[in-house]
Amino acid sequence: MDEKNSVPEKEFLQEGSLILSSSPHIRTSMTTSRIMLQVLLCLLPVVAASIWFYGWNALRVILLCMIFCVGMEYLWCKIAKTPHTCKDFSALVTGLILALNLSPLIPWWLCLIGAFIAIIIAKEVFGGLGQNPFTPAAVARVALLIGATKPMTTWAPLPSAFHHFDGVTSATPLSAAAEFSAVTSATPTAAANTQLAIFNSNEFLWNAFLGNIGGCLGETSTLAILIGAAGLVYLGIIRLYIPVAILATITIFIWIVNGISPGTTPGPMFHLLTGGVMIGAFFMATDYVTSPVTNLGKIVFGAGIGIIVCVIRIWGSYPEGMSFAIVIMNALVPLIDKLCYKRPFGWNPPAGTFQPRRGEIK
Amino acid sequence: MKNNMPIHPKHFEGGIHPADHKELSAAGLIRNIPLLDKYTLVIQQNIGAPPKLNVQKGDTVLKGQKIADAGGFVSVPLHAPTSGTIGEILEIPGANGAPVQAVEIISDGKDEWCEPMTPYPNWRDQNRELLLERVREAGIVGMGGAAFPTHAKLSPPPEKIIDTLVINGAECEPYLTADDRLMREYPEQVLTGAEICAKILRISHIVIGIEENKPDAINILRRKAKRNRNIQIIPLHVRYPQGGEKQLIYALTGRKVVAGGLPMDVGCVVQNVGTLKAIADAVTEGRPLIERIVTVTGTPVKDTGNFHLRLGTPVEKALEAAGGLQSPVGKLILGGPMMGFAQSSLKVSVSKNTSGILFLANDEVRQFEAGPCLSCGRCVDACPMRLLVSTLSKVCENERYDLAEENYVLSCLECGICTYVCPAGRPNVQHFRRAKAEINEKRRKNK
């Protein structure tokens with residue numbers, strides 16, 4: 001102890017070694033890589049659910065996509081001779097989200113193509129992280145869906161479903177609903193009405209909520225997505241503006257459509273719980289880089305996605321439109337931010353000039 | 001006349017609350033330090049014209065004697081912190097890094113007062129011109145950090161109607177507790193100073209804003225303020241930068257200072273509590289401003305606390321008074337960690353606007369490599385001026401200062417929040433400082 005006390009104070013402070021910089025001198029402990037790790041952490045429930053429902057095939061797709069994405073990023077940095085950016089973990093997040101948007105039966109080479117599209121075409125050619133106008137995973141999914149429709153829409157049976165729900169294990173309820181609306185718009189039949197009743201039944205919705213229905217890896221279990229989303233909100237990574245705007249818009253839109261012409265499409269709960277709406281709303285549309293920074297802008301962005309999804313689902317030729325909607329709205333983000341930005345403090349003074357308090361002037 | 005604005009929103013939009021570490025220095029009483037052998041007094045301690053030295057090397061001076069006259073209207077005199085002889089007039093490192101002129105005063109150990117200015121214990125009977133003159137003669141400047149001469153602030157142009165005196169007791173900077181201690185130990189002086197200012201301004205309404213994390217200060221001032229029902233003490237949300245002039249006025253009165261405007265445009269004059277104590281001392285006791293309360297703090301400091309430090313006290317002596325260091329220091333800061341200035345040397349001395357001397361340990365100093373902007377919007381949420389920081393920062397990075405101006409960069413108050421919150425480690429506020437300097441430079445040339 002004495003020895004420690006006898007250390008001259010000069011040891012603690014050398015004039016030449018004081019760090020000089022301009023203020024602020026303290027910083028938050030949050031960093032880009034920490035955000036990405038926290039997102040990965042919040043996706044764990046979704047990963048667990050997909051493995052539970054689809055078995056090792058799910059793990060295979062997830063690992064392939066993540067490895068391919070990081071590999072693509074590494075290769076790009078090597079070839080383009082840019083500083084290595086793999087350590088910010090953003091490629092891992094892209095890879096995982098891409099995997100969660102694929103069918104468990106997808107062949108490995110489609111994972112590779114997806115990773116190439118997501119990392120190289122959607123991100124790196126624009127200048128890397130922070131510069132990409134479109135959500136990489138959504139772009140990859142859209143490209144694969146258009147270019148390889150068959151493998152992308154071949155759904156696996158659910159070996160571990162809590163109890164089998166008849167008729168929708170091999171095709172997703174969404175495609176069934178799409179066929180169904182095509183039929184009903186012409187001639188409503190008794191069979192169609194039965195189908196509609198099934199989709200609106202509590203039993204079906206409950207199964208959809210838990211994940212007992214077919215679909216992409218990450219789309220199955222709404223419960224798991226909500227657990228992950230709660231984590232995102234708790235950790236302060238996302239704010240609820242975008243997801244709530246999307247979900248509310250879909251609910252209202254479907255409600256209005258069904259109000260005007262009853263029987264067009266199943267009820268709002270069906271649309272919220274099936275397909276990519278949940279994972280899209282909480283994990284893809286909230287991608288920082290490709291969403292607005294203003295709170296009002298986030299609401300407009302979310303509402304736009306909600307409307308596009310509904311339009312594609314009800315009248316479009318694809319059963320699902322979440323990634324289309326996200327990519328379309330991504331393109332509008334700079335415009336939305338410009339229009340939704342209110343001017344700084346003091347640039348919108350309250351109407352009327354300042355009036356002094358009465359009776360205070362002497 | 002209907003006033004449909006909220007009267008006390010108590011907070012502003014945006015802002016953050018970093019870990020404030022006020023517990024390091026908030027507990028003990030304000031301490032005195034022994035008389036030093038030598039004080040190094042920076043000559044220009046105010047914004048505006050530099051004061052003119054009226055003594056030469058070898059002159060003997062007494063404590064409180066005026067050693068420099070005001071160099072214009074926006075300038076104040078400077079007084080000797082102790083009795084002794086004038087030593088060298090030399091250049092020392094200034095708080096913002098550039099060398100500044102300073103005068104040495106070699107103490108004779110007697111600490112003998114010069115003939116004091118007439119005290120006005122019954123100041124209520126004096127006329128306001130006399131009081132205003134006293135504020136000026138005592139060398140009082142804004143002690144919150146800006147160092148703007150107080151008498152200039154207290155004499156607004158006649159066409160501006162002033163109805164509210166806003167007192168800044170927010171002390172939103174992390175680590176600093178000087179104002180907190182001052183309000184707890186000198187509440188009487190703070191209130192007297194406020195009343196003197198109100199008299200000079202010919203108004204009666206006084207609002208004092210104090211952040212809620214200083215309950216003792218709020219209670220003591222509330223108790224003492226019962227004698228004057230025109231004084232309102234309003235607890236404010238704990239959020240940086242609550243003490244920013246425009247944010248404080250908005251929080252206390254609901255009025256928004258228009259961009260490019262001054263508080264007097266909305267009928268307010270803002271004073272810091274430290275300034276008020278200096279005013280009270282000058283008026284009721286005739287003492288010029290020769291010392292101030294400074295927080296000496298930081299984890300490497302052994303015995304942190306608040307000290308009465310005479311102007312011209314070198315930082316190394318202040319550190320000695322605080323017991324010295326116990327662990328390695330990475331950064332020395334004059335002021336708070338959000339807006340203070342990093343120093344390269346312990347030779348720098350205390351001046352009228354030094355509110356804190358902060359030592360940051362090596363591991364508390366985080367150095368960043370700026371990454372790409374993620375557009376996460378944390379800066380946009382936190383900006384107290386509601387600027388579109390993420391866009392602005394990219395624009396400034398590309399040196400498009402014309403676009404920066406279009407995006408209102410001149411509204412930036414340089415509080416540093418945007419740099420604090422950025423997960424990518426981007427130097428946002430640093431970009432804006434440069435942009436503002438470049439734009440102002442261009443405007444000057446065009447004139």
# chains A, B, ... in the order shown; residues from 1 in each chain; ligands from 1
>>> residues_around(residues="B:Ile203", least_positions_apart="2", cutoff="10 Å", atoms="only C-alpha atoms", output="list of chain:residue names")
A:Glu360, A:Ile361, A:Lys362, B:Ile161, B:Ile162, B:Asp163, B:Thr164, B:Leu165, B:Glu195, B:Cys197, B:Ala198, B:Lys199, B:Ile200, B:Leu201, B:His205, B:Ile206, B:Asn230
>>> write_last_selection(atoms="N, CA and C atoms", output="PDB file, in the first residue's frame")
ATOM      1  N   GLU A 360     -47.500  43.401 -15.556  1.00  0.00           N
ATOM      2  CA  GLU A 360     -46.183  43.139 -14.999  1.00  0.00           C
ATOM      3  C   GLU A 360     -45.202  44.244 -15.372  1.00  0.00           C
ATOM      4  N   ILE A 361     -45.594  45.098 -16.269  1.00  0.00           N
ATOM      5  CA  ILE A 361     -44.688  46.162 -16.695  1.00  0.00           C
ATOM      6  C   ILE A 361     -44.837  47.340 -15.740  1.00  0.00           C
ATOM      7  N   LYS A 362     -43.710  47.873 -15.330  1.00  0.00           N
ATOM      8  CA  LYS A 362     -43.807  49.028 -14.427  1.00  0.00           C
ATOM      9  C   LYS A 362     -43.259  50.260 -15.119  1.00  0.00           C
TER      10      LYS A 362
ATOM     11  N   ILE B 161     -39.691  44.774 -24.778  1.00  0.00           N
ATOM     12  CA  ILE B 161     -40.425  44.715 -23.516  1.00  0.00           C
ATOM     13  C   ILE B 161     -40.005  43.444 -22.788  1.00  0.00           C
ATOM     14  N   ILE B 162     -39.483  43.626 -21.598  1.00  0.00           N
ATOM     15  CA  ILE B 162     -39.064  42.479 -20.793  1.00  0.00           C
ATOM     16  C   ILE B 162     -40.091  42.293 -19.680  1.00  0.00           C
ATOM     17  N   ASP B 163     -40.568  41.053 -19.473  1.00  0.00           N
ATOM     18  CA  ASP B 163     -41.505  40.848 -18.367  1.00  0.00           C
ATOM     19  C   ASP B 163     -41.096  39.727 -17.430  1.00  0.00           C
ATOM     20  N   THR B 164     -40.083  38.924 -17.800  1.00  0.00           N
ATOM     21  CA  THR B 164     -39.737  37.779 -16.957  1.00  0.00           C
ATOM     22  C   THR B 164     -38.233  37.663 -16.817  1.00  0.00           C
ATOM     23  N   LEU B 165     -37.797  37.468 -15.585  1.00  0.00           N
ATOM     24  CA  LEU B 165     -36.405  37.151 -15.346  1.00  0.00           C
ATOM     25  C   LEU B 165     -36.315  35.648 -15.144  1.00  0.00           C
ATOM     26  N   GLU B 195     -33.493  39.543  -7.197  1.00  0.00           N
ATOM     27  CA  GLU B 195     -34.328  40.735  -6.971  1.00  0.00           C
ATOM     28  C   GLU B 195     -33.634  41.996  -7.467  1.00  0.00           C
ATOM     29  N   CYS B 197     -31.543  42.105  -9.998  1.00  0.00           N
ATOM     30  CA  CYS B 197     -31.689  42.086 -11.466  1.00  0.00           C
ATOM     31  C   CYS B 197     -33.088  42.535 -11.860  1.00  0.00           C
ATOM     32  N   ALA B 198     -34.084  42.041 -11.146  1.00  0.00           N
ATOM     33  CA  ALA B 198     -35.461  42.409 -11.462  1.00  0.00           C
ATOM     34  C   ALA B 198     -35.659  43.904 -11.309  1.00  0.00           C
ATOM     35  N   LYS B 199     -35.031  44.461 -10.271  1.00  0.00           N
ATOM     36  CA  LYS B 199     -35.166  45.906 -10.066  1.00  0.00           C
ATOM     37  C   LYS B 199     -34.494  46.667 -11.206  1.00  0.00           C
ATOM     38  N   ILE B 200     -33.303  46.187 -11.607  1.00  0.00           N
ATOM     39  CA  ILE B 200     -32.611  46.859 -12.705  1.00  0.00           C
ATOM     40  C   ILE B 200     -33.451  46.801 -13.977  1.00  0.00           C
ATOM     41  N   LEU B 201     -34.111  45.659 -14.192  1.00  0.00           N
ATOM     42  CA  LEU B 201     -34.916  45.488 -15.407  1.00  0.00           C
ATOM     43  C   LEU B 201     -36.309  46.096 -15.260  1.00  0.00           C
ATOM     44  N   HIS B 205     -41.574  39.705 -12.136  1.00  0.00           N
ATOM     45  CA  HIS B 205     -41.790  38.264 -12.243  1.00  0.00           C
ATOM     46  C   HIS B 205     -40.458  37.528 -12.409  1.00  0.00           C
ATOM     47  N   ILE B 206     -40.164  36.632 -11.476  1.00  0.00           N
ATOM     48  CA  ILE B 206     -38.909  35.883 -11.517  1.00  0.00           C
ATOM     49  C   ILE B 206     -39.229  34.397 -11.500  1.00  0.00           C
ATOM     50  N   ASN B 230     -43.543  36.971  -6.018  1.00  0.00           N
ATOM     51  CA  ASN B 230     -43.295  37.041  -7.455  1.00  0.00           C
ATOM     52  C   ASN B 230     -42.232  36.058  -7.905  1.00  0.00           C
TER      53      ASN B 230
END
>>> residues_around(residues="B:Leu24", least_positions_apart="6", cutoff="8 Å", atoms="only C-alpha atoms", output="list in words")
Tyr175, Thr297, Gly298, Thr299, Thr304 and Gly305 of chain B
>>> write_last_selection(atoms="N, CA and C atoms", output="compact mmCIF listing (two decimals), in the first residue's frame")
# COMPACT_ATOMS: atom_id res chain seq x y z
N TYR B 175 -21.59 15.59 -14.09
CA TYR B 175 -20.45 15.80 -13.19
C TYR B 175 -20.51 17.10 -12.38
N THR B 297 -13.64 17.48 -10.03
CA THR B 297 -14.22 16.15 -9.94
C THR B 297 -13.66 15.18 -10.98
N GLY B 298 -14.16 13.99 -10.96
CA GLY B 298 -13.69 12.93 -11.85
C GLY B 298 -13.21 11.76 -11.03
N THR B 299 -13.35 10.56 -11.57
CA THR B 299 -12.95 9.37 -10.81
C THR B 299 -11.46 9.35 -10.45
N THR B 304 -12.85 14.64 -4.29
CA THR B 304 -13.62 15.53 -5.16
C THR B 304 -14.50 16.45 -4.34
N GLY B 305 -14.88 17.55 -4.92
CA GLY B 305 -15.78 18.46 -4.22
C GLY B 305 -15.83 19.81 -4.90
>>> residues_around(residues="A:Gly297", least_positions_apart="2", cutoff="8 Å", atoms="only C-alpha atoms", output="PyMOL selection string")
chain A and resi 292-295+299-301+336-337+339-341
>>> write_last_selection(atoms="N, CA and C atoms", output="compact mmCIF listing (two decimals), in the first residue's frame")
# COMPACT_ATOMS: atom_id res chain seq x y z
N PRO A 292 -37.46 6.02 -42.69
CA PRO A 292 -37.31 7.45 -42.39
C PRO A 292 -36.78 7.67 -40.97
N VAL A 293 -36.18 8.84 -40.74
CA VAL A 293 -35.67 9.14 -39.41
C VAL A 293 -36.67 9.96 -38.59
N THR A 294 -37.61 10.61 -39.26
CA THR A 294 -38.55 11.42 -38.49
C THR A 294 -39.72 10.52 -38.05
N ASN A 295 -40.29 10.85 -36.89
CA ASN A 295 -41.35 10.01 -36.36
C ASN A 295 -42.59 10.03 -37.25
N ILE A 299 -44.43 6.90 -39.53
CA ILE A 299 -45.85 6.53 -39.59
C ILE A 299 -46.31 6.48 -41.04
N VAL A 300 -45.92 7.48 -41.84
CA VAL A 300 -46.32 7.50 -43.25
C VAL A 300 -45.76 6.29 -43.98
N PHE A 301 -44.50 5.99 -43.71
CA PHE A 301 -43.82 4.84 -44.31
C PHE A 301 -44.57 3.55 -43.97
N ILE A 336 -40.21 11.04 -48.25
CA ILE A 336 -41.02 11.08 -47.03
C ILE A 336 -40.32 11.91 -45.97
N ASP A 337 -39.00 11.68 -45.80
CA ASP A 337 -38.27 12.42 -44.78
C ASP A 337 -38.27 13.91 -45.07
N LEU A 339 -40.57 15.59 -46.70
CA LEU A 339 -41.90 16.17 -46.52
C LEU A 339 -42.34 16.16 -45.06
N CYS A 340 -41.88 15.17 -44.30
CA CYS A 340 -42.38 15.03 -42.94
C CYS A 340 -41.53 15.78 -41.92
N TYR A 341 -40.42 16.37 -42.36
CA TYR A 341 -39.56 17.04 -41.41
C TYR A 341 -40.14 18.41 -41.07
>>> residues_around(residues="A:Leu44", least_positions_apart="5", cutoff="9 Å", atoms="only C-alpha atoms", output="PyMOL selection string")
chain A and resi 39+49+224+228
>>> residues_around(residues="A:Val244", least_positions_apart="4", cutoff="8 Å", atoms="only C-alpha atoms", output="list in words")
Leu240, Ala248 and Gly302 of chain A
>>> write_last_selection(atoms="C-alpha atoms", output="mmCIF file, in the first residue's frame")
data_model
loop_
_atom_site.group_PDB
_atom_site.id
_atom_site.type_symbol
_atom_site.label_atom_id
_atom_site.label_comp_id
_atom_site.auth_asym_id
_atom_site.auth_seq_id
_atom_site.Cartn_x
_atom_site.Cartn_y
_atom_site.Cartn_z
ATOM 1 C CA LEU A 240 -43.108 1.233 -32.437
ATOM 2 C CA ALA A 248 -53.078 -0.580 -37.972
ATOM 3 C CA GLY A 302 -45.618 2.183 -42.265
#
>>> residues_around(residues="A:Ile225", least_positions_apart="3", cutoff="7 Å", atoms="only C-alpha atoms", output="MDAnalysis selection string")
chainID A and resid 45:46 221:222 228:229 278:279
>>> interface_residues(of="chain B", to="chain A", cutoff="6 Å", atoms="only C-alpha atoms", output="PyMOL selection string")
chain B and resi 256-259+266+327-331+337-339+342+344-345+372-377+385-387+416+420-421+423-424
>>> write_last_selection(atoms="N, CA and C atoms", output="PDB file, in the first residue's frame")
ATOM      1  N   LYS B 256     -41.217  30.341 -27.339  1.00  0.00           N
ATOM      2  CA  LYS B 256     -40.139  29.850 -28.198  1.00  0.00           C
ATOM      3  C   LYS B 256     -39.350  31.025 -28.731  1.00  0.00           C
ATOM      4  N   VAL B 257     -38.057  31.013 -28.466  1.00  0.00           N
ATOM      5  CA  VAL B 257     -37.215  32.048 -29.044  1.00  0.00           C
ATOM      6  C   VAL B 257     -37.050  31.724 -30.526  1.00  0.00           C
ATOM      7  N   VAL B 258     -37.410  32.681 -31.357  1.00  0.00           N
ATOM      8  CA  VAL B 258     -37.359  32.458 -32.805  1.00  0.00           C
ATOM      9  C   VAL B 258     -35.900  32.299 -33.220  1.00  0.00           C
ATOM     10  N   ALA B 259     -35.674  31.415 -34.209  1.00  0.00           N
ATOM     11  CA  ALA B 259     -34.310  31.162 -34.666  1.00  0.00           C
ATOM     12  C   ALA B 259     -33.610  32.474 -34.992  1.00  0.00           C
ATOM     13  N   VAL B 266     -38.577  37.471 -26.611  1.00  0.00           N
ATOM     14  CA  VAL B 266     -39.795  36.922 -26.010  1.00  0.00           C
ATOM     15  C   VAL B 266     -39.952  37.412 -24.578  1.00  0.00           C
ATOM     16  N   SER B 327      -5.535   7.707  -9.861  1.00  0.00           N
ATOM     17  CA  SER B 327      -5.415   6.791 -10.990  1.00  0.00           C
ATOM     18  C   SER B 327      -5.071   7.598 -12.237  1.00  0.00           C
ATOM     19  N   PRO B 328      -4.643   6.919 -13.296  1.00  0.00           N
ATOM     20  CA  PRO B 328      -4.183   7.658 -14.476  1.00  0.00           C
ATOM     21  C   PRO B 328      -5.296   8.500 -15.119  1.00  0.00           C
ATOM     22  N   VAL B 329      -4.895   9.636 -15.639  1.00  0.00           N
ATOM     23  CA  VAL B 329      -5.846  10.567 -16.245  1.00  0.00           C
ATOM     24  C   VAL B 329      -5.717  10.501 -17.760  1.00  0.00           C
ATOM     25  N   GLY B 330      -6.851  10.450 -18.434  1.00  0.00           N
ATOM     26  CA  GLY B 330      -6.813  10.459 -19.886  1.00  0.00           C
ATOM     27  C   GLY B 330      -7.080  11.836 -20.449  1.00  0.00           C
ATOM     28  N   LYS B 331      -7.930  12.574 -19.755  1.00  0.00           N
ATOM     29  CA  LYS B 331      -8.359  13.850 -20.292  1.00  0.00           C
ATOM     30  C   LYS B 331      -8.593  14.837 -19.155  1.00  0.00           C
ATOM     31  N   PRO B 337     -18.474  17.744 -19.218  1.00  0.00           N
ATOM     32  CA  PRO B 337     -18.033  16.800 -20.247  1.00  0.00           C
ATOM     33  C   PRO B 337     -18.741  16.981 -21.585  1.00  0.00           C
ATOM     34  N   MET B 338     -19.914  17.636 -21.607  1.00  0.00           N
ATOM     35  CA  MET B 338     -20.623  17.764 -22.877  1.00  0.00           C
ATOM     36  C   MET B 338     -20.161  18.981 -23.678  1.00  0.00           C
ATOM     37  N   MET B 339     -19.874  20.085 -23.004  1.00  0.00           N
ATOM     38  CA  MET B 339     -19.515  21.294 -23.745  1.00  0.00           C
ATOM     39  C   MET B 339     -18.188  21.893 -23.316  1.00  0.00           C
ATOM     40  N   ALA B 342     -11.168  20.423 -23.633  1.00  0.00           N
ATOM     41  CA  ALA B 342     -10.077  19.560 -23.208  1.00  0.00           C
ATOM     42  C   ALA B 342      -8.806  20.396 -23.129  1.00  0.00           C
ATOM     43  N   SER B 344      -4.477  20.697 -22.521  1.00  0.00           N
ATOM     44  CA  SER B 344      -3.244  19.940 -22.709  1.00  0.00           C
ATOM     45  C   SER B 344      -2.327  20.119 -21.515  1.00  0.00           C
ATOM     46  N   SER B 345      -2.632  21.067 -20.629  1.00  0.00           N
ATOM     47  CA  SER B 345      -1.659  21.388 -19.593  1.00  0.00           C
ATOM     48  C   SER B 345      -2.365  21.756 -18.292  1.00  0.00           C
ATOM     49  N   PRO B 372     -20.028   4.536 -41.004  1.00  0.00           N
ATOM     50  CA  PRO B 372     -21.078   5.111 -41.840  1.00  0.00           C
ATOM     51  C   PRO B 372     -22.349   5.355 -41.020  1.00  0.00           C
ATOM     52  N   CYS B 373     -23.095   6.387 -41.408  1.00  0.00           N
ATOM     53  CA  CYS B 373     -24.348   6.707 -40.722  1.00  0.00           C
ATOM     54  C   CYS B 373     -25.373   5.615 -41.024  1.00  0.00           C
ATOM     55  N   LEU B 374     -26.016   5.108 -39.977  1.00  0.00           N
ATOM     56  CA  LEU B 374     -27.029   4.070 -40.166  1.00  0.00           C
ATOM     57  C   LEU B 374     -28.415   4.656 -40.364  1.00  0.00           C
ATOM     58  N   SER B 375     -28.531   5.974 -40.244  1.00  0.00           N
ATOM     59  CA  SER B 375     -29.850   6.635 -40.242  1.00  0.00           C
ATOM     60  C   SER B 375     -30.749   6.066 -39.155  1.00  0.00           C
ATOM     61  N   CYS B 376     -30.186   5.757 -38.007  1.00  0.00           N
ATOM     62  CA  CYS B 376     -30.998   5.144 -36.962  1.00  0.00           C
ATOM     63  C   CYS B 376     -31.927   6.164 -36.340  1.00  0.00           C
ATOM     64  N   GLY B 377     -31.616   7.453 -36.516  1.00  0.00           N
ATOM     65  CA  GLY B 377     -32.525   8.478 -36.029  1.00  0.00           C
ATOM     66  C   GLY B 377     -32.356   8.824 -34.565  1.00  0.00           C
ATOM     67  N   MET B 385     -32.789  21.092 -30.750  1.00  0.00           N
ATOM     68  CA  MET B 385     -33.213  22.111 -31.701  1.00  0.00           C
ATOM     69  C   MET B 385     -34.033  21.497 -32.829  1.00  0.00           C
ATOM     70  N   ARG B 386     -34.305  20.188 -32.747  1.00  0.00           N
ATOM     71  CA  ARG B 386     -35.097  19.478 -33.750  1.00  0.00           C
ATOM     72  C   ARG B 386     -34.482  19.588 -35.146  1.00  0.00           C
ATOM     73  N   LEU B 387     -33.189  19.460 -35.230  1.00  0.00           N
ATOM     74  CA  LEU B 387     -32.539  19.471 -36.543  1.00  0.00           C
ATOM     75  C   LEU B 387     -32.578  18.068 -37.138  1.00  0.00           C
ATOM     76  N   GLY B 416     -23.785  18.997 -28.369  1.00  0.00           N
ATOM     77  CA  GLY B 416     -22.999  17.771 -28.436  1.00  0.00           C
ATOM     78  C   GLY B 416     -23.802  16.494 -28.287  1.00  0.00           C
ATOM     79  N   TYR B 420     -22.852  12.475 -28.905  1.00  0.00           N
ATOM     80  CA  TYR B 420     -22.950  11.557 -27.761  1.00  0.00           C
ATOM     81  C   TYR B 420     -23.736  10.304 -28.128  1.00  0.00           C
ATOM     82  N   VAL B 421     -24.887  10.465 -28.778  1.00  0.00           N
ATOM     83  CA  VAL B 421     -25.763   9.316 -28.991  1.00  0.00           C
ATOM     84  C   VAL B 421     -25.384   8.453 -30.195  1.00  0.00           C
ATOM     85  N   PRO B 423     -24.307   5.802 -32.525  1.00  0.00           N
ATOM     86  CA  PRO B 423     -23.680   4.488 -32.369  1.00  0.00           C
ATOM     87  C   PRO B 423     -22.552   4.268 -33.369  1.00  0.00           C
ATOM     88  N   ALA B 424     -22.566   5.011 -34.460  1.00  0.00           N
ATOM     89  CA  ALA B 424     -21.510   4.845 -35.453  1.00  0.00           C
ATOM     90  C   ALA B 424     -20.291   5.702 -35.108  1.00  0.00           C
TER      91      ALA B 424
END
>>> residues_around(residues="B:Ile30", least_positions_apart="4", cutoff="12 Å", atoms="only C-alpha atoms", output="list in words")
Ser25, Ala26, Thr177, Ala178, Asp179, Asp180, Arg181, Leu182, Met183, Arg184, Glu185, Tyr186, Arg292, Ile293, Val294, Thr295, Val296, Thr304, Gly305, Asn306, Phe307, His308, Leu309, Ala321 and Ala322 of chain B
>>> write_last_selection(atoms="C-alpha atoms", output="compact mmCIF listing (two decimals), in the first residue's frame")
# COMPACT_ATOMS: atom_id res chain seq x y z
CA SER B 25 -18.92 15.98 -5.80
CA ALA B 26 -22.41 16.86 -4.54
CA THR B 177 -22.43 20.38 -8.89
CA ALA B 178 -21.14 23.91 -8.36
CA ASP B 179 -24.54 25.56 -8.92
CA ASP B 180 -26.26 22.90 -6.83
CA ARG B 181 -23.95 23.58 -3.86
CA LEU B 182 -24.22 27.30 -4.39
CA MET B 183 -28.03 27.21 -4.27
CA ARG B 184 -27.92 25.07 -1.12
CA GLU B 185 -25.34 27.16 0.70
CA TYR B 186 -26.11 30.68 -0.53
CA ARG B 292 -16.00 31.65 -7.96
CA ILE B 293 -17.23 28.21 -7.03
CA VAL B 294 -15.66 25.43 -9.08
CA THR B 295 -16.36 21.70 -9.07
CA VAL B 296 -13.16 19.65 -9.08
CA THR B 304 -13.62 15.53 -5.16
CA GLY B 305 -15.78 18.46 -4.22
CA ASN B 306 -16.55 22.12 -4.74
CA PHE B 307 -14.11 24.88 -3.96
CA HIS B 308 -14.04 28.63 -3.68
CA LEU B 309 -11.27 29.34 -6.16
CA ALA B 321 -6.53 21.12 -2.92
CA ALA B 322 -8.68 18.18 -4.03
